[in-house]
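Participant: Handing you this structure, nothing more for now.
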Amino acid sequence: MKVNSIPLSCIRAMLILSYSFYILGCDSDDPSPTMAGEMMAGDMVAGEMMAGDMMAGEVMAGDMVAGDMVAGDMMAGDMMAGDMMAGDMMTGPICRGGQNYGYTEDFSTLSLSGAGPFTAPQMVELSDGTWMISWLTAIDESPSDINYLHLQHLDADFQAQGEAVQVARAKGGQYKLHGTSNGVVLVWVNQRSELLNNEGVYLQTFDEMGVAQNEPLGVNQSFNVTSIHSAWADGFGGILVMSEAQKISAITFNQMGLASAPEVLAQSNNRSPVVAFTGGGWSVAWLTRPSADSREYDISVATLNDQGEAISEVRTFSEVKASGKLSLAYGNGIYSMAWTFPDPTSLDPLPRQIIGMRLLDETLNEIGRFFVMDGTTDLTLHEVSWVPPSLFAISWSQSPLGGAESILGVSRINQLGQVLPSVIVNHEEHLYTELSLRGNASALRALFTADLNPQPTGLFSSETVVMTAPIAPCEE
């Protein structure tokens, strides 16, 4: 039996739940007692991890009930992506992809310019209800190069307005798009294409029609930046965090891109910084290698004021065994950290991956921990997002080589630590990836890359497009 194209078994679920007891027991940073839980012979009682407790009813990204598996709205039998098949008849329920919360209309395919393929799209809503989108694509003169960063204005129905702006080459696809009260700010790691072009990190502002308001401003001119992340809040400006060979640093900037001097937050053996706005300042998290020969990382967190200056001691969470992407979100006085780590119980040469999550209070004390999803090595965490008024959403994808049975997922966790039914999008023939979310709980919008003709090599085809769909509570 398969659930959302991710094979699970009672043995797998039992091992995952068993490991939760191990991780709680070995984490010296957590003073809370060991979780209570139940296992029944022959059947698995579904477990939900919340604030240190396990409750029957839900497991990770869905429910498992005495032999029948439910993930989002996919049940054992013949229900797929919100459509139920009964013999040769197919009926479409009101809500697709979730239980009372999902997408209720077809995806919109965005008309973007460029030679394709379109990858890593980011989109923000502007004050007038229109949108600005940025993406990476090739250009006609260089069809094998997918690193050119574009920007385009879309109307409220996601139709292109005017010509797209070709901004720069984003090294490694690393860039961030932020909406402001007057337009957008783009932040990217530049990729050198000619001897006259430098590497480094750049900022540029654009008005609501996509017209550049200044020349690109270089805030870092080194060749050593390995990753960046940034955040923006009207009234406060923005912040950029960078990892270089020997340090993690932060730079604040205003709406015109004028930047402060960098604040060094950590040195040596650190990588993958992420940042979130906290209402009056910023919080930064990054991966810290506990020893020079370690293949796994701890997670460190620091809080900064609105000027980007550290105002607290760095808090490090050990034994999280992080090995992949890290993401951070903040809402209503609670932090959410999400990361990936290998399943220590796996016997496969390439271990299964687990997406873990922790909730922290404003003093960075842990108040809950969860396993959100597990899957093979192609399981990818995209981000954890704060979804007003009271949800955290973790977006992920699983896209096997060639795209068969590709899956997108949005796992929702409320502030009480309850894991709500996931929203699942899958397709037997398409490859879905690069999922990001915008909006609030009643009007959430998903944006993703869709390859309509996935290649056995795993590379994007010329039929790759960008799609979007609303996700919201479904009508009864």
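In the structure tokens, the first chain shown is A, the next is B, and so on; residue numbers restart at 1 for each chain, and ligands run from 1 in the order shown.
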Show me, as a PyMOL selection string, the residues that have an atom within 10 Å of A:Glu463 when counting only C-alpha atoms, minus same-chain residues fewer than 4 positions from it.

Facilitator: chain A and resi 116-118+450-454

Participant: Name the residues in contact with stretch 294-311 of chain A at a cut-off of 6 Å, using only C-alpha atoms, excluding same-chain residues fewer than 2 positions from it; report them as a list in words.

Facilitator: Thr252, Gly281, Trp282, Ser283, Val284, Ala285, Trp286, Leu287, Thr288, Arg289, Ser291, Ala292, Val314, Arg315, Thr316, Phe317, Ser318, Val320, Lys321, Ala322 and Ser323 of chain A

Participant: Produce a file of the selected residues containing N, CA and C atoms, as a PDB file, in the first residue's frame.

Facilitator:
```pdb
ATOM      1  N   THR A 252      21.757  44.830   7.858  1.00  0.00           N
ATOM      2  CA  THR A 252      20.420  45.406   7.691  1.00  0.00           C
ATOM      3  C   THR A 252      20.433  46.395   6.530  1.00  0.00           C
ATOM      4  N   GLY A 281      12.319  43.083  15.937  1.00  0.00           N
ATOM      5  CA  GLY A 281      13.709  42.786  15.608  1.00  0.00           C
ATOM      6  C   GLY A 281      13.766  41.548  14.744  1.00  0.00           C
ATOM      7  N   TRP A 282      14.856  40.802  14.876  1.00  0.00           N
ATOM      8  CA  TRP A 282      15.082  39.653  14.004  1.00  0.00           C
ATOM      9  C   TRP A 282      15.618  38.479  14.823  1.00  0.00           C
ATOM     10  N   SER A 283      15.409  37.275  14.304  1.00  0.00           N
ATOM     11  CA  SER A 283      16.064  36.092  14.860  1.00  0.00           C
ATOM     12  C   SER A 283      16.735  35.336  13.728  1.00  0.00           C
ATOM     13  N   VAL A 284      17.933  34.857  13.999  1.00  0.00           N
ATOM     14  CA  VAL A 284      18.724  34.147  12.998  1.00  0.00           C
ATOM     15  C   VAL A 284      19.035  32.752  13.527  1.00  0.00           C
ATOM     16  N   ALA A 285      18.889  31.748  12.676  1.00  0.00           N
ATOM     17  CA  ALA A 285      19.265  30.376  13.017  1.00  0.00           C
ATOM     18  C   ALA A 285      20.247  29.875  11.969  1.00  0.00           C
ATOM     19  N   TRP A 286      21.143  28.990  12.372  1.00  0.00           N
ATOM     20  CA  TRP A 286      22.091  28.408  11.432  1.00  0.00           C
ATOM     21  C   TRP A 286      22.539  27.048  11.935  1.00  0.00           C
ATOM     22  N   LEU A 287      23.186  26.306  11.047  1.00  0.00           N
ATOM     23  CA  LEU A 287      23.698  24.977  11.388  1.00  0.00           C
ATOM     24  C   LEU A 287      25.127  25.099  11.896  1.00  0.00           C
ATOM     25  N   THR A 288      25.401  24.446  13.025  1.00  0.00           N
ATOM     26  CA  THR A 288      26.713  24.483  13.652  1.00  0.00           C
ATOM     27  C   THR A 288      27.273  23.075  13.743  1.00  0.00           C
ATOM     28  N   ARG A 289      28.449  22.871  13.182  1.00  0.00           N
ATOM     29  CA  ARG A 289      29.081  21.554  13.262  1.00  0.00           C
ATOM     30  C   ARG A 289      29.691  21.375  14.651  1.00  0.00           C
ATOM     31  N   SER A 291      31.775  19.170  15.815  1.00  0.00           N
ATOM     32  CA  SER A 291      33.196  18.816  15.788  1.00  0.00           C
ATOM     33  C   SER A 291      33.669  18.836  14.350  1.00  0.00           C
ATOM     34  N   ALA A 292      34.968  18.905  14.171  1.00  0.00           N
ATOM     35  CA  ALA A 292      35.531  19.074  12.829  1.00  0.00           C
ATOM     36  C   ALA A 292      35.216  17.908  11.910  1.00  0.00           C
ATOM     37  N   VAL A 314      23.873  33.227  22.121  1.00  0.00           N
ATOM     38  CA  VAL A 314      23.481  32.228  21.132  1.00  0.00           C
ATOM     39  C   VAL A 314      23.007  30.966  21.857  1.00  0.00           C
ATOM     40  N   ARG A 315      21.852  30.477  21.476  1.00  0.00           N
ATOM     41  CA  ARG A 315      21.307  29.226  22.038  1.00  0.00           C
ATOM     42  C   ARG A 315      21.522  28.110  21.028  1.00  0.00           C
ATOM     43  N   THR A 316      22.158  27.025  21.453  1.00  0.00           N
ATOM     44  CA  THR A 316      22.441  25.903  20.553  1.00  0.00           C
ATOM     45  C   THR A 316      21.648  24.679  20.986  1.00  0.00           C
ATOM     46  N   PHE A 317      20.965  24.067  20.020  1.00  0.00           N
ATOM     47  CA  PHE A 317      20.193  22.851  20.250  1.00  0.00           C
ATOM     48  C   PHE A 317      21.001  21.676  19.696  1.00  0.00           C
ATOM     49  N   SER A 318      21.466  20.847  20.590  1.00  0.00           N
ATOM     50  CA  SER A 318      22.297  19.718  20.191  1.00  0.00           C
ATOM     51  C   SER A 318      21.442  18.484  19.932  1.00  0.00           C
ATOM     52  N   VAL A 320      20.190  17.344  17.316  1.00  0.00           N
ATOM     53  CA  VAL A 320      19.135  17.392  16.297  1.00  0.00           C
ATOM     54  C   VAL A 320      19.550  16.667  15.032  1.00  0.00           C
ATOM     55  N   LYS A 321      20.856  16.412  14.889  1.00  0.00           N
ATOM     56  CA  LYS A 321      21.400  15.603  13.788  1.00  0.00           C
ATOM     57  C   LYS A 321      21.045  16.163  12.415  1.00  0.00           C
ATOM     58  N   ALA A 322      21.010  17.478  12.298  1.00  0.00           N
ATOM     59  CA  ALA A 322      20.626  18.117  11.036  1.00  0.00           C
ATOM     60  C   ALA A 322      21.659  17.832   9.950  1.00  0.00           C
ATOM     61  N   SER A 323      21.175  17.554   8.758  1.00  0.00           N
ATOM     62  CA  SER A 323      22.089  17.303   7.639  1.00  0.00           C
ATOM     63  C   SER A 323      21.616  17.963   6.355  1.00  0.00           C
TER      64      SER A 323
END
```

Participant: Between A:Ala266, A:Leu379, A:Leu328, A:Ile146, which residue has the minimum interatomic distance to A:His229, considering only C-alpha atoms?

Facilitator: A:Leu328

Participant: If you count only C-alpha atoms, which residues fall within 10 Å of A:Ala259, apart from same-chain ones fewer than 5 positions away, as number ranges by chain?

Facilitator: A: 203, 217-219, 237-240, 251-254

Participant: Write out, as a compact mmCIF listing (two decimals), in the first residue's frame, the residues just selected, with C-alpha atoms.

Facilitator:
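Result file follows (out-v7.txt):
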```txt
# COMPACT_ATOMS: atom_id res chain seq x y z
CA LEU A 203 20.41 44.41 -3.60
CA LEU A 217 24.07 47.78 -4.78
CA GLY A 218 26.89 45.43 -3.84
CA VAL A 219 26.89 44.72 -0.09
CA GLY A 237 13.48 47.54 6.57
CA GLY A 238 15.25 44.31 5.79
CA ILE A 239 18.02 42.04 6.94
CA LEU A 240 20.44 39.82 5.02
CA ILE A 251 23.51 43.21 7.38
CA THR A 252 20.42 45.41 7.69
CA PHE A 253 19.18 47.52 4.76
CA ASN A 254 16.43 50.04 4.06
```

Participant: Could you tell me which of A:Leu112, A:Ile394, A:Gly375, A:Ser462 comes closest to A:Arg358 if we count only C-alpha atoms?

Facilitator: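 Closest candidate: A:Ile394.
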
Participant: Env of A:His150: 10 Å cut, atoms = only C-alpha atoms, seq-sep filter 5 positions within chain, self excluded. Answer as a list of chain:residue names.

Facilitator: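 The residues satisfying every condition are A:Leu112, A:Ser113, A:Gly114, A:Pro121, A:Ile133, A:Ser134, A:Trp135, A:Leu136, A:Thr137, A:Ala138, A:Ala164, A:Val165, A:Gln166, A:Val167, A:Ala168, A:Arg169, A:Ala170.
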
Participant: Counting only C-alpha atoms, which residue out of A:Glu125, A:Met337, A:Pro342, A:Leu350 sits closest to A:Gly439?

Facilitator: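 Using only C-alpha atoms, the shortest distance to A:Gly439 belongs to A:Glu125.
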
Participant: Run DSSP on the backbone and grab whatever in stretch 180-419 of chain A lands in strand (DSSP E or B); send it over as JSON, numbers by chain.

Facilitator: {"A": [180, 183, 184, 185, 186, 187, 188, 189, 190, 200, 201, 202, 203, 204, 205, 206, 207, 212, 217, 218, 219, 220, 227, 228, 229, 230, 231, 232, 233, 237, 238, 239, 240, 241, 242, 243, 244, 247, 248, 249, 250, 251, 252, 253, 259, 263, 264, 265, 266, 267, 270, 271, 272, 273, 274, 275, 276, 277, 282, 283, 284, 285, 286, 287, 288, 297, 298, 299, 300, 301, 302, 303, 304, 310, 315, 316, 317, 318, 319, 320, 321, 322, 326, 327, 328, 329, 330, 331, 334, 335, 336, 337, 338, 339, 340, 341, 342, 353, 354, 355, 356, 357, 358, 359, 360, 366, 367, 368, 369, 370, 371, 372, 373, 374, 375, 379, 380, 381, 382, 383, 384, 385, 386, 387, 391, 392, 393, 394, 395, 396, 397, 398, 406, 407, 408, 409, 410, 411, 412, 413, 414, 419]}

Participant: Restricted to C-alpha atoms, what would the selected residues look like written as a compact mmCIF listing (two decimals), in the first residue's frame?

Facilitator:
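out.txt written:
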```txt
# COMPACT_ATOMS: atom_id res chain seq x y z
CA THR A 180 7.52 46.55 0.18
CA GLY A 183 7.30 47.75 -4.83
CA VAL A 184 9.83 45.00 -4.25
CA VAL A 185 13.42 44.38 -3.19
CA LEU A 186 15.55 41.66 -4.79
CA VAL A 187 18.58 40.18 -2.99
CA TRP A 188 20.86 37.71 -4.77
CA VAL A 189 24.29 36.12 -4.94
CA ASN A 190 25.77 37.25 -8.23
CA GLY A 200 29.23 38.92 -4.24
CA VAL A 201 25.78 39.79 -2.84
CA TYR A 202 23.63 42.52 -4.38
CA LEU A 203 20.41 44.41 -3.60
CA GLN A 204 18.13 46.23 -6.02
CA THR A 205 14.73 47.92 -5.58
CA PHE A 206 11.88 48.07 -8.12
CA ASP A 207 8.56 49.93 -8.18
CA ALA A 212 14.35 49.59 -11.34
CA LEU A 217 24.07 47.78 -4.78
CA GLY A 218 26.89 45.43 -3.84
CA VAL A 219 26.89 44.72 -0.09
CA ASN A 220 29.49 41.97 -0.28
CA SER A 227 24.47 30.80 1.11
CA ILE A 228 22.18 33.72 1.93
CA HIS A 229 18.74 34.34 3.41
CA SER A 230 16.85 37.59 3.99
CA ALA A 231 13.65 38.98 5.49
CA TRP A 232 11.71 42.24 5.17
CA ALA A 233 9.20 44.14 7.32
CA GLY A 237 13.48 47.54 6.57
CA GLY A 238 15.25 44.31 5.79
CA ILE A 239 18.02 42.04 6.94
CA LEU A 240 20.44 39.82 5.02
CA VAL A 241 22.30 36.91 6.61
CA MET A 242 25.25 35.27 4.87
CA SER A 243 27.51 32.31 5.42
CA GLU A 244 31.13 32.52 4.33
CA LYS A 247 31.70 33.25 9.59
CA ILE A 248 27.97 33.93 9.75
CA SER A 249 27.15 37.65 9.44
CA ALA A 250 24.09 39.90 9.25
CA ILE A 251 23.51 43.21 7.38
CA THR A 252 20.42 45.41 7.69
CA PHE A 253 19.18 47.52 4.76
CA ALA A 259 23.05 48.76 4.11
CA GLU A 263 27.49 42.07 12.35
CA VAL A 264 29.44 38.81 12.81
CA LEU A 265 27.26 36.31 14.66
CA ALA A 266 29.44 33.19 14.60
CA GLN A 267 32.77 32.00 13.29
CA ASN A 270 28.78 27.07 10.50
CA ARG A 271 26.50 27.24 7.47
CA SER A 272 22.97 27.74 6.07
CA PRO A 273 21.74 30.81 8.02
CA VAL A 274 18.03 31.72 7.95
CA VAL A 275 16.26 34.75 9.44
CA ALA A 276 12.75 35.75 10.52
CA PHE A 277 11.15 39.04 11.62
CA TRP A 282 15.08 39.65 14.00
CA SER A 283 16.06 36.09 14.86
CA VAL A 284 18.72 34.15 13.00
CA ALA A 285 19.26 30.38 13.02
CA TRP A 286 22.09 28.41 11.43
CA LEU A 287 23.70 24.98 11.39
CA THR A 288 26.71 24.48 13.65
CA TYR A 297 24.97 19.62 12.67
CA ASP A 298 23.45 21.26 15.73
CA ILE A 299 21.15 24.28 15.35
CA SER A 300 22.11 27.68 16.83
CA VAL A 301 19.72 30.62 17.29
CA ALA A 302 20.42 34.29 18.08
CA THR A 303 18.05 37.25 18.54
CA LEU A 304 18.90 40.69 17.12
CA ALA A 310 22.87 40.70 18.73
CA ARG A 315 21.31 29.23 22.04
CA THR A 316 22.44 25.90 20.55
CA PHE A 317 20.19 22.85 20.25
CA SER A 318 22.30 19.72 20.19
CA GLU A 319 21.44 16.18 19.08
CA VAL A 320 19.14 17.39 16.30
CA LYS A 321 21.40 15.60 13.79
CA ALA A 322 20.63 18.12 11.04
CA LEU A 326 17.06 24.58 7.81
CA SER A 327 14.08 26.97 7.97
CA LEU A 328 12.77 29.39 10.61
CA ALA A 329 9.44 31.19 11.15
CA TYR A 330 7.92 33.33 13.90
CA GLY A 331 4.35 34.22 14.86
CA ILE A 334 6.38 31.40 19.04
CA TYR A 335 9.29 30.26 16.88
CA SER A 336 9.15 27.28 14.57
CA MET A 337 12.33 25.57 13.35
CA ALA A 338 12.20 22.88 10.65
CA TRP A 339 15.08 20.82 9.28
CA THR A 340 15.90 17.47 7.69
CA PHE A 341 17.96 14.66 9.12
CA PRO A 342 18.63 11.01 8.20
CA GLN A 353 15.04 11.42 5.39
CA ILE A 354 12.90 12.91 8.17
CA ILE A 355 11.56 16.45 8.43
CA GLY A 356 11.66 17.52 12.07
CA MET A 357 10.18 20.57 13.74
CA ARG A 358 10.49 22.31 17.10
CA LEU A 359 8.41 25.07 18.65
CA LEU A 360 10.20 27.58 20.91
CA GLU A 366 11.44 24.41 23.70
CA ILE A 367 7.68 23.90 24.01
CA GLY A 368 7.12 21.15 21.45
CA ARG A 369 8.74 18.83 18.92
CA PHE A 370 7.43 16.74 16.03
CA PHE A 371 8.26 14.52 13.10
CA VAL A 372 6.37 16.05 10.20
CA MET A 373 7.18 13.67 7.35
CA ASP A 374 9.58 10.93 6.38
CA GLY A 375 10.59 9.66 2.96
CA LEU A 379 12.25 14.22 0.22
CA THR A 380 12.94 17.97 0.21
CA LEU A 381 12.04 20.55 2.83
CA HIS A 382 11.20 23.89 1.19
CA GLU A 383 10.31 26.14 4.12
CA VAL A 384 8.36 26.62 7.31
CA SER A 385 6.03 29.63 7.13
CA TRP A 386 3.93 31.56 9.61
CA VAL A 387 0.33 31.52 8.33
CA LEU A 391 -0.73 28.22 11.97
CA PHE A 392 2.73 27.16 10.93
CA ALA A 393 2.92 25.48 7.52
CA ILE A 394 5.78 23.27 6.38
CA SER A 395 6.02 22.86 2.60
CA TRP A 396 7.88 19.90 1.14
CA SER A 397 8.12 17.83 -2.00
CA GLN A 398 9.10 14.36 -3.07
CA SER A 406 5.78 13.45 -7.79
CA ILE A 407 4.24 14.93 -4.62
CA LEU A 408 3.87 18.36 -3.06
CA GLY A 409 2.77 18.65 0.56
CA VAL A 410 1.73 21.37 2.99
CA SER A 411 1.77 20.13 6.59
CA ARG A 412 -0.01 22.38 9.09
CA ILE A 413 0.72 22.65 12.81
CA ASN A 414 -1.19 24.97 15.12
CA VAL A 419 -0.70 18.33 13.51
```
